Amino acid sequence: MTDVLQIGDRTIQASELIPLLANYQLLPQLLRELIIDEAIALVECQSEELAQAKQRFYAEKQLNQVTDIQAWLAQQGLTIEQLDNIIARRIKLEKYKQATWGPKLDSYFFQLKAKLDRVIYSLLRTQDPGLAQELYFRLQAKEQSFAEVAQKYSQGPEAQTGGLVGPVEQSSLHPAMVQLLSSCQPGQISPPTRIAEWFVIVRVEKFIPAQLDEPMKARLLNEMFEGWMQEQQKQVVISQ
């Protein structure tokens, strides 16, 4: 048998690797990395790109001195060449994502935009329909502020913030809540509406349209990449 790895006093032999990966549920991660290797095989990483990325990496890890870098590498069980390969691989993967899904970003964004739009709203909810109607009339008559009523009567965590919720993406909300908020103008107080076990009253404070800025581009690129990765992994059967 061939010894391939020494960890402390334990020697790991080649024949043990696959069973260990399976026992620790690491085979899917290995498969993922192999799929990435195949995908980025023809992508190039320039030396200038690598040098800049290494400096950013050192700054993020607060490795300011050569001794700091050497100590960190020893702790991770890496050589400087292996670290270079890891960083270069990340660069290649980002290039691959950009080349593959970058041209599709605009259409993907507009396809999802309604779900990505955010909203800030005030919420009051109770399981008592009579109380909900009474509180609605109080709010309409401006006898109390929404924040006061929500803080005293709302039965969810929003009571701690005077009813204020958000900003939240509409995709994270109950579909009936999305429909209710969409039907309201900012500042308008909705009549009590039944959603699941609750009678809710809402007031839209502000709609915040999603924008295809750099963070959103990165997020959507990763979403498309992960969708692709899931499909690739489904096509491979892992056998031992």
# chains A, B, ... in the order shown; residues from 1 in each chain; ligands from 1

call {"tool": "closest_atom_pairs", "arguments": {"of": "segment 2-104 of chain A", "to": "segment 212-236 of chain A", "cutoff": "10 Å", "atoms": "only C-alpha atoms", "output": "tab-separated table"}}
result
residue	atom	partner	partner_atom	distance
A:Pro28	CA	A:Gln233	CA	8.0
A:Gln29	CA	A:Gln233	CA	10.0
A:Leu31	CA	A:Gln233	CA	7.3
A:Arg32	CA	A:Gln233	CA	7.1
A:Ile35	CA	A:Gln232	CA	7.6
A:Ile36	CA	A:Met229	CA	8.6
A:Glu94	CA	A:Leu221	CA	9.2
A:Tyr96	CA	A:Phe225	CA	9.5
A:Lys97	CA	A:Leu221	CA	6.6
A:Gln98	CA	A:Leu221	CA	7.4
A:Thr100	CA	A:Phe225	CA	8.8
A:Trp101	CA	A:Leu221	CA	6.4
A:Gly102	CA	A:Leu221	CA	7.0
A:Lys104	CA	A:Leu221	CA	9.0

call {"tool": "write_last_selection", "arguments": {"atoms": "C-alpha atoms", "output": "CSV table (one decimal), in the first residue's frame"}}
result
chain,number,residue,atom,x,y,z
A,28,PRO,CA,-19.9,15.5,-3.5
A,29,GLN,CA,-17.5,18.4,-2.8
A,31,LEU,CA,-17.0,16.0,-7.5
A,32,ARG,CA,-17.8,19.7,-7.5
A,35,ILE,CA,-16.2,19.7,-12.5
A,36,ILE,CA,-14.8,23.2,-11.9
A,94,GLU,CA,-14.6,34.1,-11.9
A,96,TYR,CA,-15.4,31.4,-16.5
A,97,LYS,CA,-18.6,32.7,-14.8
A,98,GLN,CA,-18.3,36.1,-16.5
A,100,THR,CA,-20.5,32.0,-19.6
A,101,TRP,CA,-23.2,33.9,-17.8
A,102,GLY,CA,-22.2,37.5,-18.0
A,104,LYS,CA,-27.2,36.7,-19.8

call {"tool": "residues_around", "arguments": {"residues": "Ala53 of chain A", "least_positions_apart": "2", "cutoff": "12 Å", "atoms": "only C-alpha atoms", "output": "PDB file with C-alpha atoms, in the first residue's frame"}}
result
ATOM      1  CA  CYS A  45      -4.626  33.627 -15.492  1.00  0.00           C
ATOM      2  CA  GLN A  46      -2.053  36.345 -16.150  1.00  0.00           C
ATOM      3  CA  SER A  47       0.856  36.806 -13.755  1.00  0.00           C
ATOM      4  CA  GLU A  48      -0.240  40.395 -13.029  1.00  0.00           C
ATOM      5  CA  GLU A  49      -3.712  39.165 -12.077  1.00  0.00           C
ATOM      6  CA  LEU A  50      -2.239  36.572  -9.756  1.00  0.00           C
ATOM      7  CA  ALA A  51       0.093  39.083  -8.093  1.00  0.00           C
ATOM      8  CA  GLN A  55      -1.875  40.996  -2.316  1.00  0.00           C
ATOM      9  CA  ARG A  56      -5.624  41.259  -1.708  1.00  0.00           C
ATOM     10  CA  PHE A  57      -5.593  37.789  -0.146  1.00  0.00           C
ATOM     11  CA  TYR A  58      -2.737  38.703   2.204  1.00  0.00           C
ATOM     12  CA  ALA A  59      -4.515  41.912   3.202  1.00  0.00           C
ATOM     13  CA  GLU A  60      -7.766  40.068   3.926  1.00  0.00           C
ATOM     14  CA  LEU A  83      -1.461  28.809  -2.584  1.00  0.00           C
ATOM     15  CA  ASP A  84      -0.680  30.336  -5.983  1.00  0.00           C
ATOM     16  CA  ASN A  85      -2.662  27.542  -7.627  1.00  0.00           C
ATOM     17  CA  ILE A  86      -5.617  28.106  -5.295  1.00  0.00           C
ATOM     18  CA  ILE A  87      -5.709  31.837  -5.984  1.00  0.00           C
ATOM     19  CA  ALA A  88      -5.207  31.398  -9.718  1.00  0.00           C
ATOM     20  CA  ARG A  89      -8.023  28.854  -9.748  1.00  0.00           C
ATOM     21  CA  ARG A  90     -10.379  31.385  -8.151  1.00  0.00           C
ATOM     22  CA  ILE A  91      -9.461  33.934 -10.799  1.00  0.00           C
ATOM     23  CA  LYS A  92     -10.089  31.435 -13.575  1.00  0.00           C
TER      24      LYS A  92
END

call {"tool": "closest_residue", "arguments": {"among": "A:Tyr153, A:Tyr24, A:Tyr121, A:Tyr136", "to": "Leu180 of chain A", "atoms": "only C-alpha atoms"}}
result
A:Tyr121

call {"tool": "select_by_dssp", "arguments": {"residues": "segment 130-220 of chain A", "states": "strand (DSSP E or B)", "output": "ChimeraX atom specification"}}
result
/A:164-169,189,193-195,198-208

call {"tool": "atom_distance", "arguments": {"atom1": "atom CA of Pro192 of chain A", "atom2": "atom CA of Lys113 of chain A"}}
result
28.1 Å

call {"tool": "atom_distance", "arguments": {"atom1": "atom CA of Leu139 of chain A", "atom2": "atom CA of Val200 of chain A"}}
result
13.1 Å

call {"tool": "select_by_dssp", "arguments": {"residues": "segment 14-70 of chain A", "states": "alpha helix (DSSP H)", "output": "PyMOL selection string"}}
result
chain A and resi 14-23+27-39+47-60+66-70

call {"tool": "atom_distance", "arguments": {"atom1": "atom CA of Pro175 of chain A", "atom2": "atom CA of Lys115 of chain A"}}
result
10.5 Å
